[in-house]
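The structure under discussion appears below in the form of C-alpha cells.
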Amino acid sequence: MKIAVCIKRVPDTETRIKIAGTTKIDETGVKFIPNPYDEFAVEAALQLKQKAGGEIVAVSLGPDSAQETIRTALAMGADRGLHLKTDGQPYDTLAVAHALAAELKGYDVILLGKMAIDDYNHAMGPALAELLNLPCVSAVTALTIDGTKGTAEREVEGGVEVLSFPLPAVITTDKGLNKPRLPTLPGIMAAKKKPMESKPAALGATHVTVRSLALPPERPAGRIIGEGAAAVPELIRLLQTEAKVL
Amino acid sequence: MILAFAESRGTALRKAAFEAVTAARELGDDVHAIVVGPSGIAAQASQLDTSRVLVAEHAAFTQYNPEATAALVAERVKTGGYRAVFFVSTAQGRDLAPRVAAKLGAAFAPDVTSVATNGEEIVVTHPVYSGKAIATLVLTGAPAVIAARPSSFPPARTDSASPSVEAIAPVGDPSASRVVVTELRTGGGAKLDVSEAAIVVSGGRGLKGPEHFTLVEDLAASFGNAAVGASRAVVDAGWRPHSDQVGQTGKVVSPDLYVAVGISGAIQHLAGMRTAKTIVAINRDKDAPIFKIADYGIVGDAFEIVPALAAAVREARRSG
Amino acid sequence: MTPAAESLYLIILGLAAGFFFYNAQRLVEYLRVGRPEDRTDHPLVRARNLVSIGVLQSKILRDPLAGAMHATVFWGFMVLTVGSVEILIQGVVPSFTYAALVSPPLYAGYVLSQEAFALFVLGAVAWLFYRRLVLRPKRLQGDKLEQWDALLILSMIAALMITLFLLNAFAIVSGQQAGARVLSTGLARLLSSIPPDAAASSRDVMWWSHVLLILAFLNYLPYSKHLHVLTSLPNVYLSNTSGPGTIGAMRPMDLEAEGVEQFGAADVKDLPWKNLLDGYSCTECGRCTAACPANLTGKVLSPRKIVINVRERLLEFGGMPTGLVHGEGEHEPDARLLDGYISEEELWQCTSCRACVQECPVSIDQLDTIMELRRNLVLMESRFPPELQPAFQSLERNGTPWAFNAADRGEWAEGLSIPTMADCSAQGREPEVLFWVGCAGSFDARAKKITVAFARIMQAAGIDFAILGQEEKCNGDPARRMGNEYLYQMLAKENIGTLNAYRVKTVVTICPHCFHQLGNEYAQLGGHYEVIHHSQYIERLMAEGRVPLSNDNGDERTFTYHDSCYLGRYNNVYDAPRRVLPVVNLVEPVRNKSRGLCCGAGGGRMWMEETQGKRINIERTQELLATGAQAIATACPFCMTMISDGVKANESPVPVYDIAEVVASRLSAV
C-alpha cells in the first residue's frame with residue numbers, strides 16, 4: 001500500500017505570541033513542533049502499514065526547517081521524506097493544496113491532520129481531495145481500512161456520523177483517533193539515514209493574503225465578587241441586572 | 001448577489017443556516033440561500049431571510065452527502081454568477097466549504113469572525129494561534145468562499161420573510177457519491193452540544209473526581225438549557241468524553257454565559273471560551289489565571305458554592 | 001593415614017577441587033555475558049574501600065548487634081582459613097604443621113587464635129540461629145528455600161567449629177601435645193576416659209568430617225547465597241559506590257557511538273559485568289529493602305529482589321541449575337530480566353534516594369541496575385507512566401518539566417536589581433558567582449520565596465552575583481532519572497554551552513538536584529564548575545562574618561531538619577544546613593543523616609502518581625512531626641513541596657521553611 005502523510009511545522013502553543021512588524025509572529029524563543037493533529041495521521045499511517053504492508057512517505061511544505069518535521073515522522077517509522085520547498089509558510093490553503101496535489105498522485109491513502117494549530121483553517125484535506133478527485137473523510141475519530149474499503153466515524157454536533165468510502169482516499173485525523181507513538185532512540189538514529197527528497201513546491205494561484213496580524217483586544221479585567229457560598233446572591237444579582245443572562 | 005448555504009439535518013434547518021445568511025448580508029443585500037435535504041425540507045425555506053431559496057430535495061440527501069452537495073453548490077455559484085458563497089464552520093461546513101472552494105478555484109477563508117468589503121476586495125478577520133492573535137485577510141478574485149465561525153454572526157431568523165422558493169435538480173446522481181454517511185448516531189439522550197448551547201457550565205480538575213461532575217450537571221440543569229463542558233485535564237483523565245472538551249484542542253464555544261468550575265484557566269482552555277459574553281469562575285485558588293478573564297469570580301470551595309448557586313438560579317428563574 | 005586412605009583423600013580432594021573450579025569457571029564465564037567495563041582505575045581508593053568496608057566491615061556494623069556477630073564470623077573465617085590449609089595439607093603430609101615453619105611464640109599465638117576464633121564463631125552462630133528462628137526480623141524473611149539455605153550454612157559453620165574442637169580434643173586424648181590449645185585441652189579432659197586407640201580413630205573421624213565439611217561447603221557455595229564469601233571482597237574492590245570517581249553519578253552513555261543498537265538494559269546481557277557480579281555477591285540480608293522508602297510504604301519495589309533476580313536470570317541464561325539458588329518473585333521460564341522477572345511497576349516506584357546503596361555491606365549498586373532498566377524502557381521501548389509524557393514534552397519544548405511559560409523564568413527577580421549574565425557580559429564584567437535558580441525556584445509559587453530569601457541573603461552579604469534568567473533551562477535531572485538520556489543530554493549540552501560561553505567558574509544553587517547535576521554529572525559532557533549548595537554557601541559566608549544576623553539567640557521554636565537525599569547521601573552534606581540554622585533548639589527525627597527517609601519526589605517521581613501503599617511523603621512527615629518540633633526546615637524545593645503536602649494532609653499547623661528563609665528572617669535590618 002502506498003501511504004502518504006502530510007505534516008506541518010507549527011509553533012508550540014505554550015509560546016507567548018508576539019507580533020513582529022504587521023504580518024508575522026516574532027519567532028525568537030518560539031519552539032516549533034510537528035502539528036499535533038498530523039501526529040495522529042502519522043500514527044494512523046504506521047498502523048495501516050503494520051496491517052497492510054507498504055511504504056509511508058512523509059511530506060511537508062515549507063522552508064528548509066520543514067525537514068526537521070519530516071525527520072520526526074521518519075523517527076516514528078515513516079520510510080522516506082518529501083520536502084516541498086517554499087520561501088516562508090504560504091497562507092493560502094488552496095495554493096498549498098495545488099502544490100501537494102501535484103506530488104501526491106497515485107497514493108492509496110493520504111493522511112493528514114484535520115487542521116493546523118497555527119492557521120486553524122480546517123481545510124487542507126477536503127481541498128486536496130477535490131484537486132485529486134479522491135473521496136475524502138475529514139476529522140475522523142475512528143478508522144478501519146479493509147482492502148479497498150474504509151469506514152470512519154466523525155464527531156458532529158450532538159452526535160457521530162458513520163461513513164463508508166472506497167480507496168484511494170484522503171483522510172484527515174482528529175484527536176481521539178489514536179495515541180501517537182513516541183520515537184524510540186533507535187528510531188531517532190535511523191531517521192537520520194532515511195532518504196529525503198527536496199524539491200521546489202509548485203504553488204497554485206494565491207487569492208488570500210495576510211494583511212495584518214494583531215493581538216486580540218484586551219478583555220476588561222474581571223473582578224472577584226466574593227468568597228464561598230455567601231457570594232452567590234450577589235452573583236445572581238449581577239447576572240440578572242448587569243450581564244442580563246438570567 | 002451572494003449565496004448562503006443553509007445547513008440542515010434531516011428536514012430541519014440548523015442554527016448555522018441562519019448565521020450564514022447574516023454573514024452573507026455583510027457583503028450586500030441581495031442574498032439567496034441554497035438548501036439540500038430529503039423531501040420535506042422545502043417547507044422550511046420560508047424561515048430564511050433571503051429573497052430566494054434554491055432547494056434540492058432527494059432521498060440521498062437524508063444524511064450529509066459531501067460530494068453531491070459540493071458539486072451542486074459549486075455549480076450553482078458558477079452558473080448563478082454569485083460574488084461569494086457563505087458557509088458556517090460547523091463540522092459539516094468544515095468538510096464542505098473547502099471542497100466547494102477547490103472546485104471553484106476560489107479565494108477561500110474559513111472560520112471568520114467579521115466580513116467587510118470596499119467593493120473590490122473582501123476583508124475578513126480570523127483567529128489564529130489558538131486565539132492568541134487575529135489575522136486580517138484580504139480575498140482577491142471571484143468568487144469567494146467564506147465560512148463564518150459558529151456563533152459569531154447572529155442567526156437571522158424571520159417570520160415575515162417570504163423568499164421565492166425554487167426547486168433545483170442535483171448535479172449527477174446524488175446516490176452515486178463515493179463517500180456515504182451510513183448512520184448518524186445521536187449521543188445517548190440527545191445531549192445538548194457545548195458548541196450550540198447558549199449557556200455552558202464546565203468542570204475541571206478542581207472537582208477532584210468524576211463522581212463530582214454531578215454538581216456541574218445539576219448546575220447546568222438549573223439553567224434549563226445549558227450544556228456541560230470539560231477542561232482538557234478531565235478529558236485526558238477519562239472523566240468526561242472528548243466531545244465535551246472546551247479548549248484549543250476541543251471545541252471553541254461562544255455562549256452567552258460560561259461558568260468555569262474548578263478550572264484554573266490554562267491558556268489552552270481560555271482559547272476555547274474567551275469569546276463568551278459573560279464568564280463566571282469558581283475556584284478555590286484566588287491566584288488562578290481564570291479570574292483574570294472572568295467577569296465575575298467567586299473564590300472558595302466548589303462543593304459548597306455550586307449547590308448554593310444551582311439553588312439560587314432555580315429560585316431566580318422561578319420568580320423572574 | 002594408610003596409603004589407601006591417602007589415595008582416597010587425594011582423589012576426593014581432586015574431585016572436590018575440580019568440581020569447584022568447574023563451577024567457578026562457569027560463574028566467571030557468565031560474567032562475560034554482560035557488557036565490558038573497565039574497573040582498574042583508582043587502585044588506591046579501591047584498596048582503601050576494600051580495607052574499610054571489606055576487612056573492617058564498616059557498612060555491616062551500621063547494625064551494631066547483627067553487624068558485630070557477622071564481623072565475628074567473617075574475621076573468624078579469615079583466621080580459621082589459615083588453620084584449614086594446615087589441616088588439608090596434613091591429608092597429604094600427615095606430619096605437617098606450621099610449627100616447623102615459624103618460631104614457637106608465633107606458633108603458640110597462631111594456635112591460640114584458632115581456638116579463640118572458633119569459640120567466637122560458635123557463639124556468634126548460636127546467636128544467629130536464635131535470630132533466625134526466634135527473633136525472625138522482617139528483613140530476613142524469605143521463602144522456604146531461602147530459610148533452608150541460611151540454616152544449612154549456619155549448621156555447616158557450627159559443625160566445622162565443633163569438628164575442629166573435637167578433632168583437637170581427641171588428638172590430645174590420644175597423646176598429642178596440647179600447647180596453647182586451651183579450650184581443646186579443656187574438652188580433652190571431658191573425653192579423657194576414652195582409650196588412646198579409640199581416641200586416635202575418633203580423631204581421624206573428626207579429621208575426615210572436618211575436611212569433608214570444608215570441601216562440601218566450598219562446593220555448596222555456587223548454589224547458595226553464600227557465594228558471597230568468595231565474591232564480596234572483589235565486589236567491594238571493584239565497586240564505584242563509595243568513590244572512586246564521582247559518588248552518585250549515573251553511568252555515562254554515548255549516544256553518538258556507531259553501531260550501538262541497545263541503550264539501557266532489557267536483559268542480563270545488556271548489563272555491565274559488574275552488575276552481574278553484584279548478583280553473585282548479594283547475601284540477601286535485606287538491609288537495602290528495609291531502608292527503601294517505596295518498600296516500607298507498601299509498594300512492590302524491593303532492591304534486594306532486583307539484585308537476586310539478576311543472579312537468578314544470569315544463572316538460568318547460562319544454564320546452571322538454579323533450583324537450589326534462592327530466587328524471588330514469579331517468572332516464566334526463559335523470560336528476559338525486564339518484564340520476565342522485574343516488572344515496570346517496580347522500576348517506576350524507585351525515588352533514586354540511594355538508601356539501598358548506602359546500606360549494602362558488600363557495595364552492590366542496586367540503583368545502577370534499576371536505572372539501566374529504566375533507560376531501556378524509555379529509550380528503546382517508549383514505555384513509561386503516561387503522566388510523564390507532558391513532563392517530557394514540556395522539557396523538550398519549554399526547557400522545564402512544568403507547563404509554565406519559559407519566558408516567565410526570571411520574573412521572581414523583578415524589582416530586586418539582580419543582573420543577568422547577559423547584562424554583565426554587556427558591561428564587560430564577570431560576576432563572582434552565578435546563582436543557578438532551577439525550575440522549582442523560578443516557577444513554583446512557594447519555591448520562589450526560597451529563591452528570593454537566598455537572594456536577599458547574598459545581597460546583604462554584598463556578593464556580586466548574577467542569574468541566567470531566561471537562558472537557564474532545566475538541568476535535566478528529571479529526564480535522566482526517568483531514563484530519558486537523550487532528552488537529558490540535549491538539555492545538559494545546551495546548559496553547558498551557555499555556562500561555558502559566559503566562562504562560569506562558580507555556581508551556587510538552592511536545589512540539591514541542580515547541585516548534583518552541575519557539580520557531579522555535567523563533567524561527563526564537558527561542564528566543569530565549582531558548584532556550591534546554598535546551605536554550604538551560607539555557612540561559608542557566615543564563617544567570613546558577611547551575613548548580618550540579628551543578635552538574638554535565634555528562632556525560639558524547636559526545629560527539626562529533613563535531610564535531602566541528593567544533598568545528603570549523594571553528596572555527604574549533612575552538617576552545613578544544620579549549622580546555619582539560627583535556631584535555639586534543633587531535634588533530629590529517628591531516621592536522619594545517612595539514614596534519612598526520602599521525601600518521595602526524587603527519581604522523577606514528582607511527576608508520577610503514587611498508586612500503591614502509603615504515600616512516602618506522609619510517612620516521612622509523620623516521622624518529622626513525631627519529633628514534637630514546632631517547625632520543619634528543608635534545604636530542597638522538592639522536599640519543601642512534599643513535606644508541606646504531608647503537613648497539610650496531617651492537618652498539622654507546623655510550618656515548613658527552607659533554611660534560607662529561616663536565615664533571611666533573622667537578617668538584621670540593612
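Residue names in the C-alpha cells use chain letters A, B, ... in the order shown, residue numbers from 1 in each chain, and ligand numbers from 1 in the order shown.
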Distance cut-off 9 Å, counting only C-alpha atoms - which residues of chain C neighbour chain A? Return them as a ChimeraX atom specification. /C:255-256,261-263,378-382,397-398,403-407,486
Selection from above, C-alpha atoms, as a PDB file, in the first residue's frame, can you write it?
```pdb
ATOM      1  CA  LEU C 255      24.512   8.295  22.229  1.00  0.00           C
ATOM      2  CA  GLU C 256      26.606   9.019  19.168  1.00  0.00           C
ATOM      3  CA  GLU C 261      21.894  -0.894  18.999  1.00  0.00           C
ATOM      4  CA  GLN C 262      20.961  -1.290  22.623  1.00  0.00           C
ATOM      5  CA  PHE C 263      20.532   1.595  25.038  1.00  0.00           C
ATOM      6  CA  VAL C 378      12.190   4.813  27.789  1.00  0.00           C
ATOM      7  CA  LEU C 379      14.786   4.875  25.028  1.00  0.00           C
ATOM      8  CA  MET C 380      14.180   1.531  23.364  1.00  0.00           C
ATOM      9  CA  GLU C 381      10.545   0.810  24.061  1.00  0.00           C
ATOM     10  CA  SER C 382       8.988   4.200  24.851  1.00  0.00           C
ATOM     11  CA  ARG C 397       9.787  22.336  24.132  1.00  0.00           C
ATOM     12  CA  ASN C 398       9.898  24.587  27.132  1.00  0.00           C
ATOM     13  CA  ALA C 403       3.866  23.636  31.944  1.00  0.00           C
ATOM     14  CA  PHE C 404       4.990  27.152  32.683  1.00  0.00           C
ATOM     15  CA  ASN C 405       5.993  29.670  30.100  1.00  0.00           C
ATOM     16  CA  ALA C 406       9.757  29.730  29.687  1.00  0.00           C
ATOM     17  CA  ALA C 407       9.571  33.482  29.241  1.00  0.00           C
ATOM     18  CA  TYR C 486      18.501  11.544  25.069  1.00  0.00           C
TER      19      TYR C 486
END
```
Residue neighbourhood Thr451 (chain C), 9 Å, only C-alpha atoms, exclusion window fewer than 6 positions, as a PyMOL selection string: chain C and resi 412-413+437+441-442+510+660-661
Taking only C-alpha atoms into account, which residues of chain B are within 6 Å of chain A, as an NGL selection string? :B and (91 or 98-99 or 102 or 107 or 110 or 128-129 or 133-140 or 178-187 or 193 or 292-300 or 304-305 or 309)
Within 12 Å of chain C: each chain B residue with its shortest pair, only C-alpha atoms, as a Markdown table:
```
| residue | atom | partner | partner_atom | distance |
| --- | --- | --- | --- | --- |
| B:Ala233 | CA | C:Glu387 | CA | 11.3 |
| B:Asp236 | CA | C:Glu387 | CA | 10.2 |
| B:Ala237 | CA | C:Glu387 | CA | 9.9 |
| B:Ala266 | CA | C:Ala403 | CA | 9.3 |
| B:Ile267 | CA | C:Asn405 | CA | 10.4 |
| B:Gln268 | CA | C:Ala403 | CA | 11.3 |
| B:Asp287 | CA | C:Ala445 | CA | 10.1 |
| B:Ala288 | CA | C:Ala445 | CA | 11.7 |
```
Residues from the last selection, N, CA and C atoms, saved as a tab-separated table (two decimals), in the first residue's frame:
```tsv
chain	number	residue	atom	x	y	z
B	233	ALA	N	-7.90	18.60	31.03
B	233	ALA	CA	-7.34	17.73	32.08
B	233	ALA	C	-8.29	16.61	32.44
B	236	ASP	N	-8.62	14.12	29.49
B	236	ASP	CA	-7.44	13.26	29.43
B	236	ASP	C	-7.47	12.23	30.54
B	237	ALA	N	-8.03	12.60	31.69
B	237	ALA	CA	-8.08	11.66	32.81
B	237	ALA	C	-9.20	10.66	32.64
B	266	ALA	N	-5.85	27.53	32.25
B	266	ALA	CA	-4.65	27.44	31.42
B	266	ALA	C	-4.98	27.96	30.04
B	267	ILE	N	-3.93	28.40	29.35
B	267	ILE	CA	-4.15	29.12	28.09
B	267	ILE	C	-4.94	28.29	27.08
B	268	GLN	N	-4.75	26.95	27.11
B	268	GLN	CA	-5.46	26.14	26.12
B	268	GLN	C	-6.96	26.15	26.35
B	287	ASP	N	-5.47	32.94	43.03
B	287	ASP	CA	-4.49	33.35	42.02
B	287	ASP	C	-4.66	32.62	40.70
B	288	ALA	N	-5.71	31.81	40.58
B	288	ALA	CA	-5.89	31.05	39.34
B	288	ALA	C	-6.06	32.01	38.16
```
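Considering the residues C:Glu610, C:Asp267, C:Asp278, C:Glu284 and counting only C-alpha atoms, Thr231 (chain C) has its shortest atom-to-atom contact with C:Asp278.
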Where in region 27-194 of chain B does DSSP assign strand (DSSP E), given as a ChimeraX atom specification? /B:31-37,52-57,84-88,107-112,114-117,122-128,133-139,144-148,164-167,180-186
Take the residues from that selection and put them in a file with C-alpha atoms, as a compact mmCIF listing (two decimals), in the first residue's frame.
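Listing of selection.txt after writing:
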```
# COMPACT_ATOMS: atom_id res chain seq x y z
CA VAL B 31 -28.79 37.25 -0.62
CA HIS B 32 -30.02 33.88 -1.86
CA ALA B 33 -29.93 30.68 0.10
CA ILE B 34 -29.34 27.12 -1.02
CA VAL B 35 -30.64 24.09 0.87
CA VAL B 36 -30.30 20.36 0.26
CA GLY B 37 -32.20 17.66 2.06
CA ARG B 52 -34.74 33.49 -2.92
CA VAL B 53 -34.11 29.95 -1.73
CA LEU B 54 -32.86 27.20 -4.01
CA VAL B 55 -33.91 23.78 -2.74
CA ALA B 56 -32.75 20.39 -3.90
CA GLU B 57 -34.75 17.53 -2.45
CA ALA B 84 -19.46 34.76 -2.89
CA VAL B 85 -20.92 31.78 -1.10
CA PHE B 86 -21.14 31.62 2.68
CA PHE B 87 -21.00 28.63 4.97
CA VAL B 88 -20.57 28.27 8.71
CA ALA B 107 -10.47 32.82 -2.61
CA PHE B 108 -11.22 30.79 0.48
CA ALA B 109 -11.37 31.91 4.11
CA PRO B 110 -12.83 29.67 6.80
CA ASP B 111 -13.71 30.38 10.42
CA VAL B 112 -14.05 34.15 10.04
CA SER B 114 -16.03 39.51 10.62
CA VAL B 115 -16.61 40.30 6.94
CA ALA B 116 -16.30 43.62 5.13
CA THR B 117 -15.83 44.85 1.61
CA ILE B 122 -13.26 41.33 0.71
CA VAL B 123 -11.56 41.69 4.08
CA VAL B 124 -12.19 39.18 6.84
CA THR B 125 -10.83 38.53 10.28
CA HIS B 126 -9.95 35.09 11.59
CA PRO B 127 -8.49 34.00 14.96
CA VAL B 128 -5.19 32.15 14.69
CA ALA B 133 -3.82 36.55 17.53
CA ILE B 134 -6.31 37.84 14.98
CA ALA B 135 -5.39 37.71 11.30
CA THR B 136 -6.90 40.20 8.90
CA LEU B 137 -7.08 38.58 5.48
CA VAL B 138 -7.67 40.02 2.05
CA LEU B 139 -9.51 37.92 -0.51
CA ALA B 144 -15.05 33.93 -2.79
CA VAL B 145 -15.89 31.07 -0.46
CA ILE B 146 -16.25 32.22 3.12
CA ALA B 147 -17.15 30.19 6.20
CA ALA B 148 -18.23 32.04 9.32
CA SER B 164 -39.31 32.73 -3.50
CA VAL B 165 -38.58 29.04 -3.30
CA GLU B 166 -37.15 27.41 -6.40
CA ALA B 167 -36.71 23.67 -6.71
CA VAL B 180 -21.67 7.79 2.15
CA VAL B 181 -22.90 8.60 5.62
CA THR B 182 -24.42 5.33 6.66
CA GLU B 183 -25.61 6.38 10.07
CA LEU B 184 -25.93 9.35 12.35
CA ARG B 185 -25.69 8.20 15.96
CA THR B 186 -27.03 10.79 18.34
```
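Between CA of Ala312 (chain B) and CA of Ser222 (chain B) lies a distance of 8.9 Å.
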Using DSSP on the backbone, list every residue of region 77-256 of chain C that comes out as alpha helix (DSSP H), and give them as a ChimeraX atom specification. /C:77-90,104-130,144-173,182-190,196-220,228-238
Restricting it to C-alpha atoms, dump the selection as a tab-separated table (two decimals), in the first residue's frame.
```tsv
chain	number	residue	atom	x	y	z
C	77	PHE	CA	36.74	-17.29	58.84
C	78	MET	CA	39.78	-15.32	57.77
C	79	VAL	CA	41.74	-16.57	60.72
C	80	LEU	CA	40.47	-20.13	60.62
C	81	THR	CA	41.16	-20.46	56.90
C	82	VAL	CA	44.85	-20.43	57.77
C	83	GLY	CA	44.23	-23.39	60.02
C	84	SER	CA	42.13	-25.12	57.36
C	85	VAL	CA	45.05	-25.02	54.99
C	86	GLU	CA	47.23	-26.69	57.58
C	87	ILE	CA	44.60	-29.38	58.06
C	88	LEU	CA	44.19	-30.00	54.34
C	89	ILE	CA	47.92	-30.34	53.82
C	90	GLN	CA	48.00	-32.89	56.63
C	104	PRO	CA	57.39	-21.16	68.78
C	105	PRO	CA	55.86	-17.98	70.19
C	106	LEU	CA	54.33	-17.19	66.81
C	107	TYR	CA	53.02	-20.71	66.55
C	108	ALA	CA	51.57	-20.50	70.02
C	109	GLY	CA	49.87	-17.28	69.05
C	110	TYR	CA	48.53	-18.90	65.91
C	111	VAL	CA	47.15	-21.86	67.86
C	112	LEU	CA	45.51	-19.57	70.39
C	113	SER	CA	43.92	-17.56	67.60
C	114	GLN	CA	42.42	-20.70	66.15
C	115	GLU	CA	40.98	-21.71	69.48
C	116	ALA	CA	39.65	-18.28	70.32
C	117	PHE	CA	38.05	-17.55	66.99
C	118	ALA	CA	36.49	-20.99	66.78
C	119	LEU	CA	34.79	-20.22	70.07
C	120	PHE	CA	33.75	-16.72	69.00
C	121	VAL	CA	32.37	-18.04	65.76
C	122	LEU	CA	30.45	-20.76	67.55
C	123	GLY	CA	28.99	-18.17	69.89
C	124	ALA	CA	28.06	-15.87	67.05
C	125	VAL	CA	26.45	-18.73	65.14
C	126	ALA	CA	24.41	-19.64	68.19
C	127	TRP	CA	23.11	-16.09	68.39
C	128	LEU	CA	22.46	-16.08	64.64
C	129	PHE	CA	20.42	-19.27	64.94
C	130	TYR	CA	18.46	-17.60	67.72
C	144	LYS	CA	11.30	-21.79	52.35
C	145	LEU	CA	14.33	-22.28	50.13
C	146	GLU	CA	15.94	-19.16	51.49
C	147	GLN	CA	15.36	-20.27	55.08
C	148	TRP	CA	16.83	-23.72	54.40
C	149	ASP	CA	19.86	-22.20	52.72
C	150	ALA	CA	20.53	-19.96	55.70
C	151	LEU	CA	20.02	-22.69	58.28
C	152	LEU	CA	22.14	-25.12	56.32
C	153	ILE	CA	25.00	-22.66	56.18
C	154	LEU	CA	24.77	-21.88	59.87
C	155	SER	CA	24.68	-25.59	60.63
C	156	MET	CA	27.72	-26.25	58.48
C	157	ILE	CA	29.66	-23.48	60.14
C	158	ALA	CA	28.72	-24.77	63.56
C	159	ALA	CA	29.66	-28.28	62.53
C	160	LEU	CA	33.01	-27.05	61.26
C	161	MET	CA	33.75	-25.43	64.60
C	162	ILE	CA	32.59	-28.43	66.58
C	163	THR	CA	34.53	-30.91	64.48
C	164	LEU	CA	37.59	-28.70	64.85
C	165	PHE	CA	37.37	-28.68	68.61
C	166	LEU	CA	36.69	-32.41	68.75
C	167	LEU	CA	39.49	-33.10	66.34
C	168	ASN	CA	42.00	-31.38	68.55
C	169	ALA	CA	40.48	-32.73	71.75
C	170	PHE	CA	40.69	-36.31	70.55
C	171	ALA	CA	44.22	-35.70	69.34
C	172	ILE	CA	45.15	-34.54	72.82
C	173	VAL	CA	43.44	-37.54	74.42
C	182	VAL	CA	43.37	-24.11	75.97
C	183	LEU	CA	39.82	-24.92	75.03
C	184	SER	CA	40.63	-28.14	73.27
C	185	THR	CA	42.56	-29.19	76.32
C	186	GLY	CA	39.57	-28.49	78.49
C	187	LEU	CA	37.41	-30.52	76.13
C	188	ALA	CA	40.00	-33.29	76.13
C	189	ARG	CA	39.68	-33.60	79.88
C	190	LEU	CA	35.99	-34.33	79.46
C	196	PRO	CA	44.00	-43.72	73.23
C	197	ASP	CA	43.34	-46.01	70.27
C	198	ALA	CA	39.69	-45.15	70.17
C	199	ALA	CA	40.66	-41.53	70.60
C	200	ALA	CA	43.03	-41.75	67.67
C	201	SER	CA	40.34	-43.23	65.44
C	202	SER	CA	37.84	-40.66	66.67
C	203	ARG	CA	40.38	-38.03	65.84
C	204	ASP	CA	40.67	-39.41	62.33
C	205	VAL	CA	36.90	-39.50	62.01
C	206	MET	CA	36.75	-35.88	63.12
C	207	TRP	CA	39.53	-35.02	60.71
C	208	TRP	CA	37.74	-36.60	57.79
C	209	SER	CA	34.46	-34.94	58.87
C	210	HIS	CA	36.10	-31.57	59.08
C	211	VAL	CA	37.82	-31.95	55.73
C	212	LEU	CA	34.70	-33.26	54.03
C	213	LEU	CA	32.73	-30.40	55.51
C	214	ILE	CA	35.23	-27.91	54.13
C	215	LEU	CA	35.08	-29.45	50.69
C	216	ALA	CA	31.31	-29.76	50.77
C	217	PHE	CA	30.98	-26.20	51.96
C	218	LEU	CA	33.26	-25.00	49.20
C	219	ASN	CA	31.24	-26.79	46.56
C	220	TYR	CA	27.95	-25.70	48.04
C	228	HIS	CA	29.28	-14.00	48.69
C	229	VAL	CA	32.16	-15.28	50.81
C	230	LEU	CA	34.14	-15.58	47.61
C	231	THR	CA	32.83	-12.61	45.68
C	232	SER	CA	32.17	-9.94	48.28
C	233	LEU	CA	35.71	-8.70	48.73
C	234	PRO	CA	36.34	-8.46	44.98
C	235	ASN	CA	32.93	-6.83	44.69
C	236	VAL	CA	33.86	-4.17	47.20
C	237	TYR	CA	37.15	-3.55	45.44
C	238	LEU	CA	35.55	-3.29	42.02
```
Do a neighbour search on Gly224 (chain B) at 12 Å with only C-alpha atoms, toss out local chain neighbours closer than 4 positions, and write the hits as JSON, numbers by chain. {"A": [246], "B": [192, 197, 198, 199, 200, 201, 217, 218, 219, 220, 228, 310, 313, 314, 316, 317, 318]}
Rounded to one decimal, what separation in Å do you get between CA of Val57 (chain A) and CA of Asp95 (chain B)? 24.5 Å
Do a neighbour search on Leu61 (chain A) at 12 Å with only C-alpha atoms, toss out local chain neighbours closer than 3 positions, and write the hits as a ChimeraX atom specification. /A:5-10,58,64-70,81-91,93,95-101,103,197-203
For Ala543 (chain C), find every residue with an atom within 10 Å (counting only C-alpha atoms), except residues of its own chain fewer than 5 positions away, and show them as a ChimeraX atom specification. /C:537-538,580
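For the atom pair formed by CA of Leu48 (chain A) and CA of Lys192 (chain A), the distance is 23.1 Å, given to one decimal.
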With a distance cut-off of 9 Å and only C-alpha atoms, select the neighbouring residues of Pro222 (chain C), excluding the residue or stretch itself and same-chain residues fewer than 6 positions from it, and output the selection as number ranges by chain. C: 20, 23-24, 27, 280, 325
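Nearest to Leu499 (chain C) of all the residues C:Trp436, C:Phe454, C:Phe392, C:Phe559 is C:Trp436, counting only C-alpha atoms.
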